[in-house]
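Chemist: Dumping the structure here so I can ask a few things about it.
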Amino acid sequence: MAIDRPALRPGDTVHFDGEDHQVVGLAGTSVRLRSGSGTEQIILAGHLMASPGFAVIDADPMPAVEPFGLLDAVADDVLAAAKQWERHLVEVETGLPPAAAPGTAARPEYDPALHSLAARQRAKAAELGVTSRTIESRRARYLAQGLWGLVDQRAVRAWEATGRADARLVDALREVIDAETDISTGTRSRLMRRAVKRVEELHGVGEVPLPGRSTFYALMDRLTTGKHTFGSAVTRRQTANRPAGMFTPTFAARPGEQVQIDSTPIDVMVLLDDGLPVRADMTIAVDVATRTVCAAVLRPVGTKAVDAALLLAKMLVPEPMRPGWANALRLSASRMPHARLLDVDARMREAAARPVIVPDQIVIDHGRVFVSETFDRACNRLGISVQPARKDTPTDKGVVEATHKSIKTLFAQHVAGYTGANPTLRGRNLAAEWTIDELQDLLDEWLIVGWQHRPHDALRDPHQPRRMLTPNEKYSALVAVAGYLPLTLSSDDYLELLPVEWRQINDYGIRIDNRTYDCPALGRWRREHSGVTARRGLWEVHYDPYDVSQVFIRTQDGWITVPWTYLPMVSAPFADFTWRHARRLAGRGATETETARILDELLTRAEHGPDKASARIAARTRAAQAGHRPPAPGPHTCRCPTGRAHRTGRRHHLVRGLRRRRRSRKMDMNPASDDITPDDPPTTKEGWRRFVDYQPEAPATLTTKQLLALDQRQRVAHDEARREYHAELPLVNTPTIRQVLGTGRLLVQLNRRQISARRGLILSGASGTGKTTALTLLGRTHERAVRRRHPDSRHRLPVAYVTVPPAATAKMLAVEFARFYGLEFSARANMPDIVNAVCATAANTGVELVLVDEIHNLNLTTRAGAEVSDQLKYFAERLPATFVYAGIDVEAEGLFTGVRGRQIAGRFTLIASTPFAYGTSEQRAAWRALISTLETALRLHQHTPGTLVGLDEYLYRRTSGMIGSLSQLIRGAAILAIEDGTEQITRDLLDLVPVDYAAERATRPDQPRQRTRERAKTPAASA
């Protein structure tokens, strides 16, 4: 039905800017207006019509656009009734129903040329059995609102969560629910009791009607939705503390613009130097722009203060390479501007691939565990702004909060001694395996290889939004854009951040904790007043608690590096806790020389000594040396007249050759574990490796004389070996397998340099046609080829094999991938955590081929199936691998339908796994060749070669050309022949072997043959 749209014409009166105006002229998009006082003005038509309060006086209102979104939510029967009314009203208005064919004549009673609108309305009312007033009101609503005006409003009435409950009860219940935020979690009955008491306090007993118990419970459930009133108290408080405003992401345009610092338990039990197991806290500093973890410091839970100076020092100096680290972790091997950084600081030559970021602003919370006066002074001295977050507002530093969670998921849960996030997730017999310094060393290495080189979802290339950048790549990009190069902390600045002791310089030097430090440069300062009257003339001595083999003294001429006098007796630097342990071993009253000798024995004995406590202390020392090495002092560090450096360069080579992480076998961070359980399925990495490594050996075929020479035990063992051999008869290289192997190898080569849109392979066919056999054989062949190319890489896992579970969801599929790699997650783990862990593990183990079986369990017509398909596509984008699917008749199950199906069809090659045919002479020859190959593999002493080939037609009729059915039939007959002692396969024996229902149904025998198995009494059997 056509509706005349209002128009603006000269002479119309419009309301604009609070008064009426007359339109006196139109020119293009300009309108000339004249007010009542005679003032004229020219205004753009768009500005005029968009101004508040604009209206054309005495004109029909603009027709409203139908709310199409609301119409989509209307029930089908209600919408059909509204459309039926629309047909009647259009006929009343125009004389013809909607979409009438050209030339259609109006019915006489509705012809506008013969009857007025009122007459037509009366005729329609008589036709429908309603009043004229009903037709008139519906026509008016239709003209004003369109089809929406004809919808029965009872069917679209807004749902009220509180139903018919009294508003006073609802208000009281909301008040009681809010009061539950900060108290312990209770039950619904307690909440109902408190709500009733509150209503009676406010309005009196019996004044407010109360619903029944079930209705009351339903009302409470609706009002507490999303508030966790009856769930975790922690989650409830966090939800209530959520800001009312919108979430605003934290942006930073250059490295160091904002760095966030926070502490949280890492959920790992660690050992103190006295062997006491405690939990560890982790303090990290995260750069917002690049998501780089600038520094991470571990400490025991319960420590009142953390070495904040150490945290700041680790942020501002290059991370040195450690013994045993791969060269790929070097800064020079990364994408960061190594040459430019090397020009700024020579220490970058031996630095690891972690950027040094000097922060402009540091965001901290109000915890006092790491905020100290030393930290504040150091930040002020270095020009770093310290910005405290608002109290109880973790969203002010959401980046570091999310990074904590990621580190726990990607690192902590794989460490031996992992406690879980809460006691309900904790396992039995939990024991600490790592000292805190060993764990610190392990964390430092993981941050380089597992974090800085891992793509981050928040770091996207603006020109390629689907590509995620690593923190190192983002740092390189921002350095190039912002022109930013860090001025790293100098040696002198680093010394300022070290702990301080005040000592007198005596004739023998200075003494700290029964250690004597001396060098010729102290000559002029011995027995002298330092000039610091507040410290009674003592001298300021700085020391590194992780390397007390030397100290640093501030003088008027600068810093003096003073070595320990007994350092030549010790083969390596040592930490303060190592020194204390050596003193305990030496005993009370031992001299410094005796302690030095014990210390040297402790460090050189390392982990090989019988004393486990000593081994632990030695390991901690070496880990601390690698993890907390300060920058090498510059040439001006030592002021000795001799010009000697006093071992300032020793720290670069003293830890050479040490074996790191002796306990690493107790961790499950390495997916290539050697502990393989015999019953592991191939959908786990252990079972898959066992499948790839398995090489069946065919038992020897013995003559009758040799058989008779065997005693009973030997004969039983021989027969058992042959039964096991025939139970898993070697694979046959069928045409389908040859096609799968050739196509699969080609696709792997083609995808090797592809960044996205990699090509894949789908193997489809009926059950029993050898799809899984071809799929797994492709994986075994590829993995063995990779092993030949990389014989020394025992941790490489180039093939992953998973199956799609029935009624699969996206999370179930992700868990299947995680189960293959041996990754364990709690039931509350979310999808991104699982997917990221799987992708990181697969990439680190060099995955090249991903095999997904049972793909027919994927149904794209359901929401869950679509999500699983999207998850598979996401894995294919994230993993640098070729994906191969196998399933039953997938092309007929809708895998290639819809948008997702068309995308799959555009990227995957389909290979049909069909049964063998038996129509032509060539097909019969291929069938006989298959039977001959299987017959050649038999190990039966009395079997005549060619017997099975002569039964080719019978075998085809029994199996319908299914290779799976044929294999089952021949293997079963071979085992029966061994058990019977006949040692040969006959047709009668084959009749006793059942095959699958599909093959039996295809044969459709008129009368099933019933046979009774009779054991032949032969000399071989009696033997």
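By convention in this document, the chains of the structure tokens carry letters A, B, ... by their order, each chain's residues are numbered from 1, and ligands are numbered from 1 in the order they are shown.
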Identify, on the basis of only C-alpha atoms, every residue whose closest approach to range 88-96 of chain A does not exceed 7 Å; exclude the query and any residue fewer than 6 positions from it along the same chain; express the result as a list in words.
Modeler: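 With the cut-off at 7 Å, the set is Met1, Ala106, Tyr110, Asp111, Pro112, Arg120, Gln121 and Arg139 of chain A.
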Chemist: Leaving out Ser869 in chain A and any residue of its chain fewer than 2 positions from it, which residues lie within 10 Å of it when counting only C-alpha atoms, given as a list in words?
Modeler: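 In the requested form, the answer reads Thr809, Ala810, Leu813, Ile855, Leu858, Asn859, Leu860, Arg863, Ala864, Gly865, Ala866, Glu867, Gln871, Leu872, Lys873, Tyr874, Phe875, Leu895, Arg900, Gly901 and Ile904 of chain A.
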Chemist: Contacts of Lys83 in chain A at 12 Å or less, counting only C-alpha atoms, minus same-chain residues fewer than 2 places along, as a list of chain:residue names?
Modeler: A:Leu71, A:Asp76, A:Asp77, A:Val78, A:Leu79, A:Ala80, A:Ala81, A:Trp85, A:Glu86, A:Arg87, A:His88, A:Leu89, A:Val90, A:Pro97, A:Pro98, A:Tyr142, A:Gly146, A:Leu147, A:Trp148, A:Gly149, A:Leu150, A:Val151, A:Asp152
Chemist: Near range 876-890 of chain A, counting only C-alpha atoms, which residues have an atom at most 7 Å away, once you skip same-chain residues fewer than 5 positions from it, shown as a VMD selection string?
Modeler: chain A and resid 747 to 748 751 756 758 to 767 771 to 772 839 843 847 to 856 895
Chemist: List the spatial neighbours of Ile970 in chain A as a ChimeraX atom specification - criterion: any atom at most 12 Å away, only C-alpha atoms, same-chain residues fewer than 5 positions off excluded.
Modeler: /A:726-729,930-940,947-949,951-952,955,958-959,963-965,975-977,984-987,989-995
Chemist: DSSP says helix (DSSP H, G or I) for which residues of range 111-208 of chain A? Put them as number ranges by chain?
Modeler: A: 117-128, 132-150, 153-156, 167-179, 188-203
Chemist: Closest to Met269 in chain A among A:Val24, A:Leu750, A:Val130, A:Ala416, using only C-alpha atoms?
Modeler: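 That would be A:Ala416, the residue with the smallest distance to Met269 in chain A.
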Chemist: So the first atom is CA of Phe908 in chain A and the second is CA of Gly744 in chain A; what is the distance between them in Å, to one decimal place?
Modeler: 11.2 Å
Chemist: What lies within 12 Å of Leu702 in chain A using only C-alpha atoms, ignoring chain neighbours under 6 positions off, as a PDB file with N, CA and C atoms, in the first residue's frame?
Modeler:
```
ATOM      1  N   LEU A 708      58.200 -80.753  15.738  1.00  0.00           N
ATOM      2  CA  LEU A 708      58.210 -81.892  16.655  1.00  0.00           C
ATOM      3  C   LEU A 708      59.354 -81.801  17.651  1.00  0.00           C
ATOM      4  N   ALA A 709      60.392 -81.039  17.296  1.00  0.00           N
ATOM      5  CA  ALA A 709      61.535 -80.903  18.199  1.00  0.00           C
ATOM      6  C   ALA A 709      61.255 -79.917  19.331  1.00  0.00           C
ATOM      7  N   LEU A 710      60.184 -79.156  19.237  1.00  0.00           N
ATOM      8  CA  LEU A 710      59.870 -78.171  20.271  1.00  0.00           C
ATOM      9  C   LEU A 710      59.220 -78.867  21.455  1.00  0.00           C
ATOM     10  N   ARG A 715      56.445 -74.734  22.136  1.00  0.00           N
ATOM     11  CA  ARG A 715      55.365 -74.748  21.149  1.00  0.00           C
ATOM     12  C   ARG A 715      54.277 -73.736  21.509  1.00  0.00           C
ATOM     13  N   HIS A 718      55.603 -70.374  20.652  1.00  0.00           N
ATOM     14  CA  HIS A 718      55.647 -70.183  19.208  1.00  0.00           C
ATOM     15  C   HIS A 718      54.250 -69.888  18.658  1.00  0.00           C
ATOM     16  N   ASP A 719      53.257 -70.656  19.111  1.00  0.00           N
ATOM     17  CA  ASP A 719      51.887 -70.425  18.634  1.00  0.00           C
ATOM     18  C   ASP A 719      51.352 -69.075  19.101  1.00  0.00           C
ATOM     19  N   ARG A 722      52.701 -66.345  16.908  1.00  0.00           N
ATOM     20  CA  ARG A 722      52.048 -66.304  15.600  1.00  0.00           C
ATOM     21  C   ARG A 722      50.630 -65.762  15.695  1.00  0.00           C
ATOM     22  N   ARG A 939      51.711 -66.869   8.300  1.00  0.00           N
ATOM     23  CA  ARG A 939      52.734 -67.745   8.870  1.00  0.00           C
ATOM     24  C   ARG A 939      52.057 -69.012   9.396  1.00  0.00           C
ATOM     25  N   LEU A 940      51.552 -69.836   8.448  1.00  0.00           N
ATOM     26  CA  LEU A 940      50.900 -71.104   8.746  1.00  0.00           C
ATOM     27  C   LEU A 940      51.731 -72.225   8.128  1.00  0.00           C
ATOM     28  N   HIS A 941      51.979 -73.261   8.900  1.00  0.00           N
ATOM     29  CA  HIS A 941      52.925 -74.290   8.469  1.00  0.00           C
ATOM     30  C   HIS A 941      52.384 -75.191   7.364  1.00  0.00           C
ATOM     31  N   GLN A 942      51.066 -75.401   7.273  1.00  0.00           N
ATOM     32  CA  GLN A 942      50.497 -76.335   6.292  1.00  0.00           C
ATOM     33  C   GLN A 942      49.717 -75.619   5.195  1.00  0.00           C
ATOM     34  N   GLU A 983      46.667 -75.588  10.590  1.00  0.00           N
ATOM     35  CA  GLU A 983      47.732 -74.767  10.021  1.00  0.00           C
ATOM     36  C   GLU A 983      47.482 -74.423   8.556  1.00  0.00           C
ATOM     37  N   ALA A1020      50.255 -82.541  14.739  1.00  0.00           N
ATOM     38  CA  ALA A1020      50.711 -81.207  15.131  1.00  0.00           C
ATOM     39  C   ALA A1020      49.897 -80.682  16.284  1.00  0.00           C
TER      40      ALA A1020
END
```
Chemist: Between A:Arg752, A:Arg789, A:Arg580, A:Arg515, which is the closest to Ser549 in chain A once you count only C-alpha atoms?
Modeler: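 Closest residue, counting only C-alpha atoms: A:Arg515.
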Chemist: List every residue of range 359-552 of chain A that DSSP, applied to the backbone of this structure, assigns to strand (DSSP E), and report them as a ChimeraX atom specification.
Modeler: /A:361-364,385-388,434-435,460-461,464-468,500-503,510-512,515-517,539-544,547-552
Chemist: So the first atom is CA of Gln260 in chain A and the second is CA of Lys408 in chain A; what is the distance between them in Å, to one decimal place?
Modeler: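 CA of Lys408 in chain A lies 17.6 Å from CA of Gln260 in chain A.
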Chemist: Mind pulling up the distance from CA of Phe817 in chain A to CA of His782 in chain A?
Modeler: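 Interatomic distance, CA of His782 in chain A to CA of Phe817 in chain A: 19.2 Å.
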